[in-house]
Amino acid sequence: MCERFGLDDAQAQAIVSMRLGQLTNMERTKIEDEIAALSAKIKEYNEILASEVRRLEIVKEEAIEIRNKYADPRRTEICAISGEVDIEDLIPKEDCVVTFTKFGYIKRMSEDTYKLQKRGGRGIAGMSRREEDIATEMFISGSHDYNLFFTNKGRVYRLKCYEIPESTRQSKGINIANLLPLSADEKVSSMICVPAFDEDKFLVMVTRQGIIKRIALNAYNTARKGGLIALDINEGDELVWVKMTDGTDDVIIATKKGMAIRFKETDVRPMGRQARGVKALKLKEGDEVVGMSIIDEEKLVLTVSETGYGRLSKPSDYRIQSRGGKGLTNYHVDRYGDVAALSVVSPEDDIIMISESGVIIRIAAKSIRLCNRPSKGVTVMKIKGDNRVVTIANVPHEETEDKEDEA
């Protein structure tokens with residue numbers, strides 16, 4: 001039939017789709033009207049395509065129609081600006097949680113990630129990581145604040161907080177070596193958040209061999225990507241502790257063989273960037289520094305031994321002495337084992353302890369007994385055989401659900 005009447009497939013299908021009544025009446029008038037309308041539209045479209053004036057008139061009419069439809073006042077201002085736009089101006093200012101782990105993984109998260117929970121809740125997982133890796137630093141930093149990174153080799157690097165890649169709560173983050181130009185045997189040993197390089201702020205640094213250096217914070221106000229020398233390190237020594245002070249703080253330093261000394265930071269004169277520093281205290285042969293903190297009279301001094309004992313003491317137990325002395329007896333190492341670490345902590349903190357074999361325990365600081373110096377304290381971590389506690393870290397308290405309390 002298609003060949004006989006010259007119909008294509010579409011026309012044949014249209015005829016097949018018609019009802020019998022339509023085929024009978026053919027609805028001639030309706031079909032003729034439809035053809036006439038289509039012809040008129042085709043003619044109009046051809047005229048539009050052939051006339052630029054007509055096209056511009058249509059654009060004008062449609063623009064006026066849109067203007068009338070959306071006639072509310074403009075909410076933004078369009079104006080010319082001078083100079084270049086700094087990418088930093090496009091980054092929102094917000095508080096972030098920065099986390100740094102023992103193995104050097106760092107990440108930035110929005111503060112909203114850690115929502116306020118009721119007491120006794122389970123808390124939320126902080127990151128996905130190797131079992132023996134733990135967060136050694138965790139603090140709140142503004143997205144435009146500076147973060148200073150001090151390495152065991154005595155160098156300091158800086159990043160804006162927003163330059164640390166943002167990660168999810170479950171992510172382990174990125175290794176710091178991917179953000180800083182560290183050498184093969186160089187690792188970050190301390191990290192500080194700096195909202196601004198105030199002229200009245202100082203940094204106090206202490207090495208493993210008891211060398212202390214005090215320097216004005218604004219000495220590191222430079223954008224040099226390759227880092228700066230924080231202090232000149234002796235052969236075999238390493239920079240481990242760096243704290244920010246207000247210029248009038250007291251410093252407390254503890255040694256492995258049970259000594260501790262507290263003195264005013266003003267006993268250490270401010271020095272230049274490349275200065276080596278001075279002696280913080282006299283170390284016996286075979287002794288070394290295991291902890292350094294800034295005294296806060298509202299907090300407590302935590303001492304933990306390698307054998308797993310620990311105690312909290314009041315800052316007043318450590319009287320102020322002069323820098324460079326032998327210090328006071330902080331712990332009876334001959335009876336209870338060498339000191340693993342000392343830190344000034346809040347009773348509201350959590351204490352994380354790591355053993356040489358990689359075992360990790362996290363306990364509430366308030367669960368440790370308050371004792372006078374140089375008491376033994378209580379068992380804070382069970383140590384077996386030749387294992388020993390090697391380091392501690394204090395982090396904000398994390399609520400966990402105690403099922404026994406529910407019973």
# chains A, B, ... in the order shown; residues from 1 in each chain; ligands from 1

call {"tool": "closest_atom_pairs", "arguments": {"of": "range 245-351 of chain A", "to": "range 131-147 of chain A", "cutoff": "12 Å", "atoms": "only C-alpha atoms", "output": "Markdown table"}}
result
| residue | atom | partner | partner_atom | distance |
| --- | --- | --- | --- | --- |
| A:Asp349 | CA | A:Met138 | CA | 11.7 |
| A:Asp350 | CA | A:Thr136 | CA | 11.5 |
| A:Ile351 | CA | A:Thr136 | CA | 10.2 |

call {"tool": "write_last_selection", "arguments": {"atoms": "N, CA, C and O atoms", "output": "PDB file, in the first residue's frame"}}
result
ATOM      1  N   ASP A 349      40.564  16.560  80.961  1.00  0.00           N
ATOM      2  CA  ASP A 349      41.195  15.963  79.782  1.00  0.00           C
ATOM      3  C   ASP A 349      41.133  14.442  79.823  1.00  0.00           C
ATOM      4  O   ASP A 349      40.835  13.830  80.857  1.00  0.00           O
ATOM      5  N   ASP A 350      41.447  13.837  78.683  1.00  0.00           N
ATOM      6  CA  ASP A 350      41.735  12.408  78.605  1.00  0.00           C
ATOM      7  C   ASP A 350      43.236  12.244  78.410  1.00  0.00           C
ATOM      8  O   ASP A 350      43.888  13.075  77.758  1.00  0.00           O
ATOM      9  N   ILE A 351      43.782  11.183  78.978  1.00  0.00           N
ATOM     10  CA  ILE A 351      45.207  10.894  78.842  1.00  0.00           C
ATOM     11  C   ILE A 351      45.378   9.630  77.993  1.00  0.00           C
ATOM     12  O   ILE A 351      44.791   8.594  78.297  1.00  0.00           O
TER      13      ILE A 351
END

call {"tool": "residues_around", "arguments": {"residues": "Asp232 in chain A", "least_positions_apart": "6", "cutoff": "12 Å", "atoms": "only C-alpha atoms", "output": "PyMOL selection string"}}
result
chain A and resi 151-156+205-207+211-213+238-239+271-278

call {"tool": "atom_distance", "arguments": {"atom1": "CA of Thr76 in chain A", "atom2": "CA of Glu61 in chain A"}}
result
25.3 Å

call {"tool": "atom_distance", "arguments": {"atom1": "CA of Leu90 in chain A", "atom2": "CA of Gly173 in chain A"}}
result
23.6 Å

call {"tool": "closest_residue", "arguments": {"among": "A:Leu281, A:Ile383, A:Ile253, A:Leu231", "to": "Val359 in chain A", "atoms": "only C-alpha atoms"}}
result
A:Ile383

call {"tool": "closest_residue", "arguments": {"among": "A:Gly291, A:Gly258, A:Gly358, A:Pro270", "to": "Leu328 in chain A", "atoms": "only C-alpha atoms"}}
result
A:Gly258

call {"tool": "atom_distance", "arguments": {"atom1": "CA of Met381 in chain A", "atom2": "CA of Asn394 in chain A"}}
result
15.0 Å

call {"tool": "closest_residue", "arguments": {"among": "A:Phe103, A:Tyr45, A:Ala196, A:Thr248", "to": "Ala177 in chain A", "atoms": "only C-alpha atoms"}}
result
A:Phe103

call {"tool": "residues_around", "arguments": {"residues": "Phe202 in chain A", "least_positions_apart": "5", "cutoff": "12 Å", "atoms": "only C-alpha atoms", "output": "list of chain:residue names"}}
result
A:Ile192, A:Val194, A:Ala196, A:Phe197, A:Lys213, A:Arg214, A:Ile215, A:Ala216, A:Leu217, A:Asn218, A:Ala219, A:Tyr220, A:Val242, A:Lys243, A:Met244, A:Thr245, A:Asp246, A:Gly247, A:Thr248, A:Asp249, A:Glu265, A:Thr266, A:Val268, A:Arg269, A:Pro270, A:Met271, A:Gly272

call {"tool": "write_last_selection", "arguments": {"atoms": "C-alpha atoms", "output": "mmCIF file, in the first residue's frame"}}
result
data_model
loop_
_atom_site.group_PDB
_atom_site.id
_atom_site.type_symbol
_atom_site.label_atom_id
_atom_site.label_comp_id
_atom_site.auth_asym_id
_atom_site.auth_seq_id
_atom_site.Cartn_x
_atom_site.Cartn_y
_atom_site.Cartn_z
ATOM 1 C CA ILE A 192 51.181 25.222 67.536
ATOM 2 C CA VAL A 194 48.905 30.950 65.947
ATOM 3 C CA ALA A 196 48.205 36.230 64.990
ATOM 4 C CA PHE A 197 51.916 36.986 65.388
ATOM 5 C CA LYS A 213 65.498 28.704 73.909
ATOM 6 C CA ARG A 214 63.051 31.616 74.138
ATOM 7 C CA ILE A 215 62.211 33.688 71.092
ATOM 8 C CA ALA A 216 59.615 36.297 70.143
ATOM 9 C CA LEU A 217 56.750 34.743 68.212
ATOM 10 C CA ASN A 218 56.843 37.349 65.449
ATOM 11 C CA ALA A 219 60.363 36.222 64.533
ATOM 12 C CA TYR A 220 58.660 33.470 62.515
ATOM 13 C CA VAL A 242 57.580 23.940 71.893
ATOM 14 C CA LYS A 243 55.064 26.008 73.864
ATOM 15 C CA MET A 244 53.619 29.491 73.369
ATOM 16 C CA THR A 245 53.852 31.855 76.351
ATOM 17 C CA ASP A 246 52.767 35.375 77.253
ATOM 18 C CA GLY A 247 56.210 36.432 78.483
ATOM 19 C CA THR A 248 55.535 35.924 82.203
ATOM 20 C CA ASP A 249 54.817 32.187 82.481
ATOM 21 C CA GLU A 265 60.565 31.978 81.541
ATOM 22 C CA THR A 266 62.185 35.381 82.028
ATOM 23 C CA VAL A 268 65.828 32.777 79.604
ATOM 24 C CA ARG A 269 66.581 35.921 77.645
ATOM 25 C CA PRO A 270 64.931 36.294 74.203
ATOM 26 C CA MET A 271 67.261 35.113 71.415
ATOM 27 C CA GLY A 272 67.568 35.302 67.650
#

call {"tool": "closest_residue", "arguments": {"among": "A:Asp338, A:Glu348, A:Glu235, A:Glu306", "to": "Gly286 in chain A", "atoms": "only C-alpha atoms"}}
result
A:Asp338
